>>> print(open('final_5.pdb').read())   # PDB, C-alpha atoms and all ligand atoms
ATOM      1  CA  MET G   9      21.284 -19.959 141.207  1.00  0.00           C
ATOM      2  CA  GLN G  10      24.950 -19.028 141.341  1.00  0.00           C
ATOM      3  CA  ASP G  11      27.977 -19.626 139.195  1.00  0.00           C
ATOM      4  CA  ILE G  12      26.332 -19.410 135.829  1.00  0.00           C
ATOM      5  CA  ALA G  13      28.061 -19.597 132.467  1.00  0.00           C
ATOM      6  CA  ILE G  14      26.761 -18.807 129.023  1.00  0.00           C
ATOM      7  CA  ILE G  15      28.154 -20.701 126.080  1.00  0.00           C
ATOM      8  CA  GLY G  16      27.645 -18.502 123.053  1.00  0.00           C
ATOM      9  CA  GLY G  17      26.815 -20.101 119.747  1.00  0.00           C
ATOM     10  CA  THR G  18      26.573 -18.820 116.190  1.00  0.00           C
ATOM     11  CA  GLY G  19      25.701 -15.122 116.411  1.00  0.00           C
ATOM     12  CA  LEU G  20      26.903 -14.847 119.977  1.00  0.00           C
ATOM     13  CA  ALA G  21      30.700 -15.046 119.564  1.00  0.00           C
ATOM     14  CA  SER G  22      30.930 -11.834 121.527  1.00  0.00           C
ATOM     15  CA  PHE G  23      28.433 -10.604 124.017  1.00  0.00           C
ATOM     16  CA  PRO G  24      27.402  -6.939 123.637  1.00  0.00           C
ATOM     17  CA  GLY G  25      26.436  -5.548 127.023  1.00  0.00           C
ATOM     18  CA  LEU G  26      28.836  -7.802 128.889  1.00  0.00           C
ATOM     19  CA  LYS G  27      31.340  -5.679 130.821  1.00  0.00           C
ATOM     20  CA  ILE G  28      34.499  -7.720 130.686  1.00  0.00           C
ATOM     21  CA  ILE G  29      36.275  -7.994 134.024  1.00  0.00           C
ATOM     22  CA  ARG G  30      39.032 -10.377 132.927  1.00  0.00           C
ATOM     23  CA  LYS G  31      39.816 -13.165 130.516  1.00  0.00           C
ATOM     24  CA  GLU G  32      41.646 -16.311 131.488  1.00  0.00           C
ATOM     25  CA  VAL G  33      43.371 -18.873 129.306  1.00  0.00           C
ATOM     26  CA  VAL G  34      42.478 -22.173 130.934  1.00  0.00           C
ATOM     27  CA  ARG G  35      44.466 -25.324 130.210  1.00  0.00           C
ATOM     28  CA  THR G  36      42.732 -28.646 130.564  1.00  0.00           C
ATOM     29  CA  PRO G  37      43.800 -32.313 130.383  1.00  0.00           C
ATOM     30  CA  TYR G  38      41.797 -32.402 127.126  1.00  0.00           C
ATOM     31  CA  GLY G  39      43.571 -29.524 125.397  1.00  0.00           C
ATOM     32  CA  SER G  40      42.484 -25.960 124.781  1.00  0.00           C
ATOM     33  CA  PRO G  41      38.950 -24.623 125.041  1.00  0.00           C
ATOM     34  CA  SER G  42      37.532 -22.576 122.173  1.00  0.00           C
ATOM     35  CA  GLY G  43      39.042 -19.415 123.679  1.00  0.00           C
ATOM     36  CA  PRO G  44      39.822 -17.708 126.944  1.00  0.00           C
ATOM     37  CA  VAL G  45      37.122 -17.928 129.592  1.00  0.00           C
ATOM     38  CA  THR G  46      35.644 -14.441 130.008  1.00  0.00           C
ATOM     39  CA  PHE G  47      34.552 -13.213 133.428  1.00  0.00           C
ATOM     40  CA  GLY G  48      32.154 -10.337 133.115  1.00  0.00           C
ATOM     41  CA  ASP G  49      29.325  -8.319 134.533  1.00  0.00           C
ATOM     42  CA  TYR G  50      26.003  -8.589 132.718  1.00  0.00           C
ATOM     43  CA  CYS G  51      23.211  -6.351 133.947  1.00  0.00           C
ATOM     44  CA  GLY G  52      24.842  -6.198 137.378  1.00  0.00           C
ATOM     45  CA  LYS G  53      25.476  -9.930 137.769  1.00  0.00           C
ATOM     46  CA  GLN G  54      28.774 -11.760 137.443  1.00  0.00           C
ATOM     47  CA  ILE G  55      28.731 -14.361 134.740  1.00  0.00           C
ATOM     48  CA  ILE G  56      31.206 -16.397 132.754  1.00  0.00           C
ATOM     49  CA  PHE G  57      31.104 -16.464 128.970  1.00  0.00           C
ATOM     50  CA  LEU G  58      32.696 -18.798 126.455  1.00  0.00           C
ATOM     51  CA  PRO G  59      32.088 -18.610 122.694  1.00  0.00           C
ATOM     52  CA  ARG G  60      31.758 -22.190 121.464  1.00  0.00           C
ATOM     53  CA  HIS G  61      33.075 -21.493 117.966  1.00  0.00           C
ATOM     54  CA  GLY G  62      35.921 -19.209 119.117  1.00  0.00           C
ATOM     55  CA  SER G  63      35.985 -15.418 119.359  1.00  0.00           C
ATOM     56  CA  HIS G  64      36.113 -15.092 115.556  1.00  0.00           C
ATOM     57  CA  HIS G  65      33.727 -17.932 114.801  1.00  0.00           C
ATOM     58  CA  THR G  66      36.378 -20.142 113.215  1.00  0.00           C
ATOM     59  CA  ILE G  67      35.720 -23.519 114.887  1.00  0.00           C
ATOM     60  CA  PRO G  68      33.050 -25.604 113.125  1.00  0.00           C
ATOM     61  CA  PRO G  69      30.658 -27.762 115.176  1.00  0.00           C
ATOM     62  CA  HIS G  70      32.455 -31.073 114.537  1.00  0.00           C
ATOM     63  CA  MET G  71      35.802 -29.556 115.585  1.00  0.00           C
ATOM     64  CA  VAL G  72      34.777 -27.871 118.814  1.00  0.00           C
ATOM     65  CA  ASN G  73      36.750 -29.268 121.754  1.00  0.00           C
ATOM     66  CA  TYR G  74      33.635 -29.899 123.839  1.00  0.00           C
ATOM     67  CA  ARG G  75      35.548 -31.729 126.561  1.00  0.00           C
ATOM     68  CA  ALA G  76      37.986 -28.852 127.052  1.00  0.00           C
ATOM     69  CA  ASN G  77      35.183 -26.253 127.041  1.00  0.00           C
ATOM     70  CA  ILE G  78      33.079 -27.971 129.687  1.00  0.00           C
ATOM     71  CA  TRP G  79      36.134 -28.917 131.746  1.00  0.00           C
ATOM     72  CA  ALA G  80      37.370 -25.302 131.725  1.00  0.00           C
ATOM     73  CA  LEU G  81      33.996 -24.006 132.950  1.00  0.00           C
ATOM     74  CA  HIS G  82      33.861 -26.657 135.667  1.00  0.00           C
ATOM     75  CA  ASP G  83      37.400 -25.770 136.682  1.00  0.00           C
ATOM     76  CA  LYS G  84      36.294 -22.154 137.186  1.00  0.00           C
ATOM     77  CA  GLY G  85      33.494 -23.191 139.520  1.00  0.00           C
ATOM     78  CA  VAL G  86      30.577 -23.017 137.091  1.00  0.00           C
ATOM     79  CA  LYS G  87      27.528 -24.964 138.284  1.00  0.00           C
ATOM     80  CA  HIS G  88      24.990 -24.020 135.599  1.00  0.00           C
ATOM     81  CA  ILE G  89      25.394 -23.620 131.859  1.00  0.00           C
ATOM     82  CA  VAL G  90      23.012 -21.864 129.500  1.00  0.00           C
ATOM     83  CA  ALA G  91      23.982 -23.066 126.040  1.00  0.00           C
ATOM     84  CA  VAL G  92      22.907 -20.719 123.282  1.00  0.00           C
ATOM     85  CA  ALA G  93      22.621 -22.577 119.993  1.00  0.00           C
ATOM     86  CA  ALA G  94      21.375 -21.917 116.484  1.00  0.00           C
ATOM     87  CA  VAL G  95      19.010 -24.589 115.165  1.00  0.00           C
ATOM     88  CA  GLY G  96      16.846 -25.395 112.192  1.00  0.00           C
ATOM     89  CA  GLY G  97      13.119 -25.588 112.870  1.00  0.00           C
ATOM     90  CA  ILE G  98      11.398 -28.898 112.077  1.00  0.00           C
ATOM     91  CA  HIS G  99       8.153 -28.410 114.034  1.00  0.00           C
ATOM     92  CA  GLN G 100       5.742 -26.168 112.138  1.00  0.00           C
ATOM     93  CA  ASP G 101       5.549 -23.691 115.031  1.00  0.00           C
ATOM     94  CA  ILE G 102       9.312 -23.172 115.208  1.00  0.00           C
ATOM     95  CA  GLU G 103       9.751 -20.585 112.489  1.00  0.00           C
ATOM     96  CA  PRO G 104      13.035 -18.697 111.984  1.00  0.00           C
ATOM     97  CA  THR G 105      13.899 -16.410 114.953  1.00  0.00           C
ATOM     98  CA  ARG G 106      11.688 -18.390 117.383  1.00  0.00           C
ATOM     99  CA  ILE G 107      13.453 -19.404 120.604  1.00  0.00           C
ATOM    100  CA  VAL G 108      13.052 -22.946 121.923  1.00  0.00           C
ATOM    101  CA  ILE G 109      13.796 -24.341 125.376  1.00  0.00           C
ATOM    102  CA  PRO G 110      13.931 -28.060 124.510  1.00  0.00           C
ATOM    103  CA  ASP G 111      13.404 -30.806 127.062  1.00  0.00           C
ATOM    104  CA  GLN G 112      14.895 -33.808 125.254  1.00  0.00           C
ATOM    105  CA  ILE G 113      17.788 -34.711 122.986  1.00  0.00           C
ATOM    106  CA  ILE G 114      18.479 -37.358 120.367  1.00  0.00           C
ATOM    107  CA  ASP G 115      22.147 -37.737 119.483  1.00  0.00           C
ATOM    108  CA  TYR G 116      23.041 -38.487 115.839  1.00  0.00           C
ATOM    109  CA  THR G 117      26.655 -37.290 116.080  1.00  0.00           C
ATOM    110  CA  TYR G 118      29.604 -39.636 115.661  1.00  0.00           C
ATOM    111  CA  GLY G 119      33.353 -39.665 116.139  1.00  0.00           C
ATOM    112  CA  ARG G 120      33.407 -36.808 118.616  1.00  0.00           C
ATOM    113  CA  PRO G 121      35.298 -37.321 121.873  1.00  0.00           C
ATOM    114  CA  HIS G 122      32.200 -37.522 124.029  1.00  0.00           C
ATOM    115  CA  THR G 123      33.074 -38.640 127.557  1.00  0.00           C
ATOM    116  CA  TYR G 124      35.448 -38.021 130.439  1.00  0.00           C
ATOM    117  CA  PHE G 125      35.028 -41.591 131.625  1.00  0.00           C
ATOM    118  CA  GLU G 126      37.811 -43.341 129.776  1.00  0.00           C
ATOM    119  CA  LYS G 127      40.958 -43.072 131.897  1.00  0.00           C
ATOM    120  CA  ASP G 128      41.895 -44.310 135.368  1.00  0.00           C
ATOM    121  CA  LEU G 129      38.495 -45.825 136.017  1.00  0.00           C
ATOM    122  CA  SER G 130      38.075 -47.618 139.306  1.00  0.00           C
ATOM    123  CA  GLN G 131      34.701 -48.758 137.947  1.00  0.00           C
ATOM    124  CA  VAL G 132      32.591 -48.304 134.832  1.00  0.00           C
ATOM    125  CA  GLN G 133      30.451 -45.153 134.998  1.00  0.00           C
ATOM    126  CA  HIS G 134      27.025 -44.537 133.498  1.00  0.00           C
ATOM    127  CA  ILE G 135      25.330 -41.186 134.006  1.00  0.00           C
ATOM    128  CA  ASP G 136      21.537 -41.019 134.190  1.00  0.00           C
ATOM    129  CA  PHE G 137      20.595 -38.965 131.131  1.00  0.00           C
ATOM    130  CA  SER G 138      16.833 -39.669 131.035  1.00  0.00           C
ATOM    131  CA  THR G 139      16.212 -35.946 131.374  1.00  0.00           C
ATOM    132  CA  PRO G 140      19.239 -34.370 129.710  1.00  0.00           C
ATOM    133  CA  TYR G 141      18.405 -30.801 130.691  1.00  0.00           C
ATOM    134  CA  ASP G 142      18.316 -29.200 134.140  1.00  0.00           C
ATOM    135  CA  GLN G 143      14.606 -28.631 134.817  1.00  0.00           C
ATOM    136  CA  ALA G 144      15.151 -25.762 137.286  1.00  0.00           C
ATOM    137  CA  LEU G 145      17.315 -23.921 134.785  1.00  0.00           C
ATOM    138  CA  ARG G 146      14.760 -24.540 131.998  1.00  0.00           C
ATOM    139  CA  ASP G 147      12.054 -23.128 134.274  1.00  0.00           C
ATOM    140  CA  LYS G 148      14.152 -19.998 134.835  1.00  0.00           C
ATOM    141  CA  LEU G 149      14.703 -19.559 131.098  1.00  0.00           C
ATOM    142  CA  ILE G 150      10.968 -19.863 130.460  1.00  0.00           C
ATOM    143  CA  LYS G 151      10.210 -17.400 133.288  1.00  0.00           C
ATOM    144  CA  ALA G 152      12.812 -14.974 131.925  1.00  0.00           C
ATOM    145  CA  ALA G 153      11.214 -15.207 128.483  1.00  0.00           C
ATOM    146  CA  GLU G 154       7.783 -14.408 129.945  1.00  0.00           C
ATOM    147  CA  LEU G 155       9.207 -11.385 131.774  1.00  0.00           C
ATOM    148  CA  ALA G 156      10.865 -10.219 128.559  1.00  0.00           C
ATOM    149  CA  ASN G 157       7.646 -10.760 126.582  1.00  0.00           C
ATOM    150  CA  ILE G 158       9.239 -13.331 124.330  1.00  0.00           C
ATOM    151  CA  ASN G 159       7.042 -16.160 123.120  1.00  0.00           C
ATOM    152  CA  VAL G 160       9.339 -19.180 123.418  1.00  0.00           C
ATOM    153  CA  PHE G 161       8.502 -22.751 122.378  1.00  0.00           C
ATOM    154  CA  LYS G 162       8.484 -24.652 125.671  1.00  0.00           C
ATOM    155  CA  GLY G 163       9.832 -28.161 125.315  1.00  0.00           C
ATOM    156  CA  GLY G 164      10.637 -30.185 122.242  1.00  0.00           C
ATOM    157  CA  VAL G 165      13.320 -32.572 121.136  1.00  0.00           C
ATOM    158  CA  TYR G 166      16.729 -31.348 119.968  1.00  0.00           C
ATOM    159  CA  GLY G 167      18.242 -33.611 117.300  1.00  0.00           C
ATOM    160  CA  ALA G 168      22.030 -33.271 117.290  1.00  0.00           C
ATOM    161  CA  THR G 169      23.561 -33.915 113.865  1.00  0.00           C
ATOM    162  CA  GLN G 170      27.197 -34.160 112.870  1.00  0.00           C
ATOM    163  CA  GLY G 171      27.539 -31.331 110.371  1.00  0.00           C
ATOM    164  CA  PRO G 172      29.109 -29.273 109.086  1.00  0.00           C
ATOM    165  CA  ARG G 173      26.808 -29.833 106.133  1.00  0.00           C
ATOM    166  CA  LEU G 174      23.095 -29.267 106.552  1.00  0.00           C
ATOM    167  CA  GLU G 175      20.782 -32.276 106.288  1.00  0.00           C
ATOM    168  CA  THR G 176      18.949 -33.783 103.340  1.00  0.00           C
ATOM    169  CA  THR G 177      15.161 -33.551 103.299  1.00  0.00           C
ATOM    170  CA  ALA G 178      14.988 -37.322 103.839  1.00  0.00           C
ATOM    171  CA  GLU G 179      17.205 -37.003 106.910  1.00  0.00           C
ATOM    172  CA  ILE G 180      14.954 -34.279 108.329  1.00  0.00           C
ATOM    173  CA  ASN G 181      11.890 -36.448 107.564  1.00  0.00           C
ATOM    174  CA  LYS G 182      13.538 -39.254 109.538  1.00  0.00           C
ATOM    175  CA  LEU G 183      14.391 -36.894 112.413  1.00  0.00           C
ATOM    176  CA  GLU G 184      10.761 -35.733 112.436  1.00  0.00           C
ATOM    177  CA  ARG G 185       9.529 -39.341 112.580  1.00  0.00           C
ATOM    178  CA  ASP G 186      11.951 -39.863 115.467  1.00  0.00           C
ATOM    179  CA  GLY G 187      10.235 -36.974 117.251  1.00  0.00           C
ATOM    180  CA  CYS G 188      12.773 -34.180 116.750  1.00  0.00           C
ATOM    181  CA  ASP G 189      11.415 -30.625 116.753  1.00  0.00           C
ATOM    182  CA  VAL G 190      14.679 -28.811 116.054  1.00  0.00           C
ATOM    183  CA  VAL G 191      18.011 -29.795 114.568  1.00  0.00           C
ATOM    184  CA  GLY G 192      21.435 -28.450 115.500  1.00  0.00           C
ATOM    185  CA  MET G 193      25.062 -29.514 115.355  1.00  0.00           C
ATOM    186  CA  THR G 194      26.461 -28.618 118.770  1.00  0.00           C
ATOM    187  CA  GLY G 195      24.098 -29.921 121.450  1.00  0.00           C
ATOM    188  CA  MET G 196      26.004 -33.170 121.813  1.00  0.00           C
ATOM    189  CA  PRO G 197      28.276 -34.187 123.396  1.00  0.00           C
ATOM    190  CA  GLU G 198      28.128 -30.810 125.192  1.00  0.00           C
ATOM    191  CA  ALA G 199      25.043 -31.623 127.265  1.00  0.00           C
ATOM    192  CA  ALA G 200      26.268 -35.083 128.278  1.00  0.00           C
ATOM    193  CA  LEU G 201      29.706 -33.821 129.282  1.00  0.00           C
ATOM    194  CA  ALA G 202      28.083 -31.208 131.539  1.00  0.00           C
ATOM    195  CA  ARG G 203      26.054 -33.999 133.166  1.00  0.00           C
ATOM    196  CA  GLU G 204      29.187 -36.112 133.641  1.00  0.00           C
ATOM    197  CA  LEU G 205      30.665 -33.226 135.640  1.00  0.00           C
ATOM    198  CA  GLU G 206      27.351 -32.746 137.483  1.00  0.00           C
ATOM    199  CA  MET G 207      26.664 -29.299 136.075  1.00  0.00           C
ATOM    200  CA  GLY G 208      23.134 -28.150 135.274  1.00  0.00           C
ATOM    201  CA  TYR G 209      22.723 -27.521 131.537  1.00  0.00           C
ATOM    202  CA  ALA G 210      19.905 -26.052 129.455  1.00  0.00           C
ATOM    203  CA  HIS G 211      19.598 -24.948 125.861  1.00  0.00           C
ATOM    204  CA  CYS G 212      18.414 -21.566 124.705  1.00  0.00           C
ATOM    205  CA  ALA G 213      18.038 -22.641 121.081  1.00  0.00           C
ATOM    206  CA  MET G 214      17.147 -20.219 118.347  1.00  0.00           C
ATOM    207  CA  SER G 215      15.731 -21.208 114.999  1.00  0.00           C
ATOM    208  CA  VAL G 216      17.708 -19.525 112.225  1.00  0.00           C
ATOM    209  CA  ASN G 217      16.151 -21.416 109.291  1.00  0.00           C
ATOM    210  CA  TRP G 218      13.500 -23.926 108.401  1.00  0.00           C
ATOM    211  CA  ALA G 219      15.132 -27.363 108.390  1.00  0.00           C
ATOM    212  CA  ALA G 220      15.721 -28.991 104.989  1.00  0.00           C
ATOM    213  CA  GLY G 221      12.539 -29.533 102.990  1.00  0.00           C
ATOM    214  CA  ARG G 222      10.409 -27.470 105.370  1.00  0.00           C
ATOM    215  CA  SER G 223      10.334 -24.424 103.138  1.00  0.00           C
ATOM    216  CA  GLU G 224      10.371 -23.716  99.396  1.00  0.00           C
ATOM    217  CA  GLU G 225      13.437 -21.556  99.776  1.00  0.00           C
ATOM    218  CA  LEU G 226      17.071 -22.647  99.736  1.00  0.00           C
ATOM    219  CA  ILE G 227      18.883 -22.410 103.063  1.00  0.00           C
ATOM    220  CA  THR G 228      21.533 -19.768 102.436  1.00  0.00           C
ATOM    221  CA  LEU G 229      24.193 -18.378 104.739  1.00  0.00           C
ATOM    222  CA  ASP G 230      22.812 -14.895 104.079  1.00  0.00           C
ATOM    223  CA  SER G 231      19.322 -15.797 105.243  1.00  0.00           C
ATOM    224  CA  ILE G 232      20.766 -17.626 108.280  1.00  0.00           C
ATOM    225  CA  ARG G 233      22.859 -14.556 109.109  1.00  0.00           C
ATOM    226  CA  GLU G 234      19.830 -12.259 108.870  1.00  0.00           C
ATOM    227  CA  CYS G 235      17.707 -14.441 111.142  1.00  0.00           C
ATOM    228  CA  THR G 236      20.589 -14.857 113.566  1.00  0.00           C
ATOM    229  CA  GLU G 237      20.908 -11.092 113.941  1.00  0.00           C
ATOM    230  CA  VAL G 238      17.203 -10.608 114.623  1.00  0.00           C
ATOM    231  CA  GLY G 239      16.961 -13.652 116.868  1.00  0.00           C
ATOM    232  CA  MET G 240      20.032 -12.858 118.916  1.00  0.00           C
ATOM    233  CA  GLU G 241      18.468  -9.578 120.017  1.00  0.00           C
ATOM    234  CA  LYS G 242      15.723 -11.691 121.605  1.00  0.00           C
ATOM    235  CA  VAL G 243      18.276 -14.045 123.137  1.00  0.00           C
ATOM    236  CA  ARG G 244      20.113 -11.115 124.711  1.00  0.00           C
ATOM    237  CA  ALA G 245      16.879  -9.688 126.128  1.00  0.00           C
ATOM    238  CA  LEU G 246      15.992 -13.099 127.543  1.00  0.00           C
ATOM    239  CA  LEU G 247      19.440 -13.541 129.109  1.00  0.00           C
ATOM    240  CA  ALA G 248      19.258 -10.072 130.654  1.00  0.00           C
ATOM    241  CA  LYS G 249      16.041 -11.116 132.449  1.00  0.00           C
ATOM    242  CA  LEU G 250      17.550 -14.469 133.341  1.00  0.00           C
ATOM    243  CA  VAL G 251      20.492 -12.942 135.181  1.00  0.00           C
ATOM    244  CA  GLU G 252      18.024 -10.711 137.067  1.00  0.00           C
ATOM    245  CA  ILE G 253      16.102 -13.687 138.434  1.00  0.00           C
ATOM    246  CA  VAL G 254      18.765 -16.327 139.049  1.00  0.00           C
TER     247      VAL G 254
HETATM  248  N1  LIG C 301      20.580 -28.151 110.645  1.00  0.00           N
HETATM  249  C1  LIG C 301      21.569 -28.392 111.539  1.00  0.00           C
HETATM  250  N2  LIG C 301      22.087 -27.451 112.299  1.00  0.00           N
HETATM  251  C2  LIG C 301      21.635 -26.198 112.168  1.00  0.00           C
HETATM  252  C3  LIG C 301      20.625 -25.879 111.249  1.00  0.00           C
HETATM  253  C4  LIG C 301      20.072 -26.909 110.453  1.00  0.00           C
HETATM  254  O1  LIG C 301      19.173 -26.702 109.614  1.00  0.00           O
HETATM  255  N3  LIG C 301      20.408 -24.545 111.363  1.00  0.00           N
HETATM  256  C5  LIG C 301      21.261 -24.089 112.315  1.00  0.00           C
HETATM  257  N4  LIG C 301      22.000 -25.087 112.807  1.00  0.00           N
END
>>> encode(input="final_5.pdb", output="structure tokens", more="lines below")
Ligand code: HPA
Amino acid sequence: MQDIAIIGGTGLASFPGLKIIRKEVVRTPYGSPSGPVTFGDYCGKQIIFLPRHGSHHTIPPHMVNYRANIWALHDKGVKHIVAVAAVGGIHQDIEPTRIVIPDQIIDYTYGRPHTYFEKDLSQVQHIDFSTPYDQALRDKLIKAAELANINVFKGGVYGATQGPRLETTAEINKLERDGCDVVGMTGMPEAALARELEMGYAHCAMSVNWAAGRSEELITLDSIRECTEVGMEKVRALLAKLVEIV
């Protein structure tokens, strides 16, 4: 599996261990990506890295230019994207710091530019999105987790909410009834845009809190930060194995 990019999420704005070869400012017809595209060497393999929220984590989920990000990666020849994303755990087995490799998505976002298919169309386009994630890439992530001795939650539904606020308990109850196992704010339209450009996409999602109403405790930025730090160590170990086996 060649030409792999990692989109870093909350907690992965920079990528310790990545030896930077060069950075490139990529212009796209959709404006600027979240930052320069970084070409680097990770554990002996060439990869591309792009922090979704910018290098200083200043771009909130509803303001990320998803079209520019995915376009820029495609422009640089990327064929596969591993999207690292912080999520809240809804399923009882997805406690904070657990990693999830979801297999489905429900999109609750709104008002985000979400498609490339709106200009100069010779005909209307509809992508098949029945299975939103690239199965081969998911399999590799799960294999990498096994090799790294990390007990990931295999499968599950990612509910993409608008943010930036967290959800109400009633909203999480509704998401649970819909079948969502985790909730995050960045999974869409990112995954669909990758599919529109025929790139394989998979989530490496990490629970950084119990979703609203799933714990007695308030969800605070401090507790999210703590879990992110612990969890991201696991994500890095998993990605190190992934680049070994792709
Ligand atoms: N809800 C939505 N997005 C999130 C959460 C959450 O609880 N935690 C991390 N990203």
>>> closest_atom_pairs(input="final_5.pdb", of="chain G", to="ligand LIG 301 (chain C)", cutoff="9 Å", atoms="all atoms listed in the file", output="Markdown table")
| residue | atom | partner | partner_atom | distance |
| --- | --- | --- | --- | --- |
| G:Thr18 | CA | C:LIG301 | C5 | 8.4 |
| G:Ala93 | CA | C:LIG301 | N4 | 7.6 |
| G:Ala94 | CA | C:LIG301 | C5 | 4.7 |
| G:Val95 | CA | C:LIG301 | C5 | 3.7 |
| G:Gly96 | CA | C:LIG301 | O1 | 3.7 |
| G:Gly97 | CA | C:LIG301 | O1 | 7.0 |
| G:Ile98 | CA | C:LIG301 | O1 | 8.4 |
| G:Gly167 | CA | C:LIG301 | C1 | 8.5 |
| G:Ala168 | CA | C:LIG301 | C1 | 7.6 |
| G:Thr169 | CA | C:LIG301 | C1 | 6.3 |
| G:Gln170 | CA | C:LIG301 | C1 | 8.2 |
| G:Gly171 | CA | C:LIG301 | C1 | 6.8 |
| G:Pro172 | CA | C:LIG301 | N2 | 7.9 |
| G:Arg173 | CA | C:LIG301 | C1 | 7.7 |
| G:Leu174 | CA | C:LIG301 | N1 | 4.9 |
| G:Glu175 | CA | C:LIG301 | N1 | 6.0 |
| G:Ile180 | CA | C:LIG301 | N1 | 8.6 |
| G:Val190 | CA | C:LIG301 | C4 | 8.0 |
| G:Val191 | CA | C:LIG301 | C1 | 4.9 |
| G:Gly192 | CA | C:LIG301 | N2 | 3.4 |
| G:Met193 | CA | C:LIG301 | N2 | 4.7 |
| G:Thr194 | CA | C:LIG301 | N2 | 7.9 |
| G:Met214 | CA | C:LIG301 | C5 | 8.3 |
| G:Ser215 | CA | C:LIG301 | C5 | 6.8 |
| G:Val216 | CA | C:LIG301 | N3 | 5.8 |
| G:Asn217 | CA | C:LIG301 | N3 | 5.7 |
| G:Trp218 | CA | C:LIG301 | O1 | 6.4 |
| G:Ala219 | CA | C:LIG301 | O1 | 4.3 |
| G:Ala220 | CA | C:LIG301 | O1 | 6.2 |
| G:Ile227 | CA | C:LIG301 | O1 | 7.8 |
| G:Ile232 | CA | C:LIG301 | N3 | 7.6 |
>>> closest_residue(input="final_5.pdb", among="G:His61, G:Lys27, G:Arg75, G:Arg203", to="Pro140 of chain G", atoms="all atoms listed in the file")
G:Arg203
>>> residues_around(input="final_5.pdb", residues="segment 21-24 of chain G", least_positions_apart="6", cutoff="8 Å", atoms="only C-alpha atoms", output="count of residues only")
7
>>> residues_around(input="final_5.pdb", residues="Ala76 of chain G", least_positions_apart="3", cutoff="12 Å", atoms="only C-alpha atoms", output="number ranges by chain")
G: 33-45, 58, 60, 71-73, 79-83, 121-124, 197-198, 201-202
>>> residues_around(input="final_5.pdb", residues="Arg30 of chain G", least_positions_apart="2", cutoff="9 Å", atoms="only C-alpha atoms", output="ChimeraX atom specification")
/G:28,32,45-48
>>> atom_distance(input="final_5.pdb", atom1="atom CA of Thr105 of chain G", atom2="atom CA of Glu179 of chain G")
22.4 Å
>>> resolve_selection(input="final_5.pdb", expression="the PyMOL selection byres (((chain G and resi 135) around 9) and not hetatm)", output="list in words")
Gln133, His134, Asp136, Phe137, Ala200, Arg203 and Glu204 of chain G
>>> atom_distance(input="final_5.pdb", atom1="atom CA of Pro68 of chain G", atom2="atom CA of Gln54 of chain G")
28.3 Å
>>> atom_distance(input="final_5.pdb", atom1="atom CA of Val165 of chain G", atom2="atom CA of Gly85 of chain G")
28.9 Å
>>> closest_residue(input="final_5.pdb", among="G:Gly208, G:Gly164, G:Pro69, G:Gly16", to="Gln100 of chain G", atoms="all atoms listed in the file")
G:Gly164
>>> closest_residue(input="final_5.pdb", among="G:Glu126, G:Glu241, G:Asp49, G:Asp101", to="Ile158 of chain G", atoms="all atoms listed in the file")
G:Glu241
>>> closest_atom_pairs(input="final_5.pdb", of="segment 80-133 of chain G", to="segment 182-185 of chain G", cutoff="10 Å", atoms="only C-alpha atoms", output="tab-separated table")
residue	atom	partner	partner_atom	distance
G:Ile98	CA	G:Glu184	CA	6.9
G:His99	CA	G:Glu184	CA	7.9
G:Ile114	CA	G:Leu183	CA	9.0
G:Tyr116	CA	G:Leu183	CA	9.4
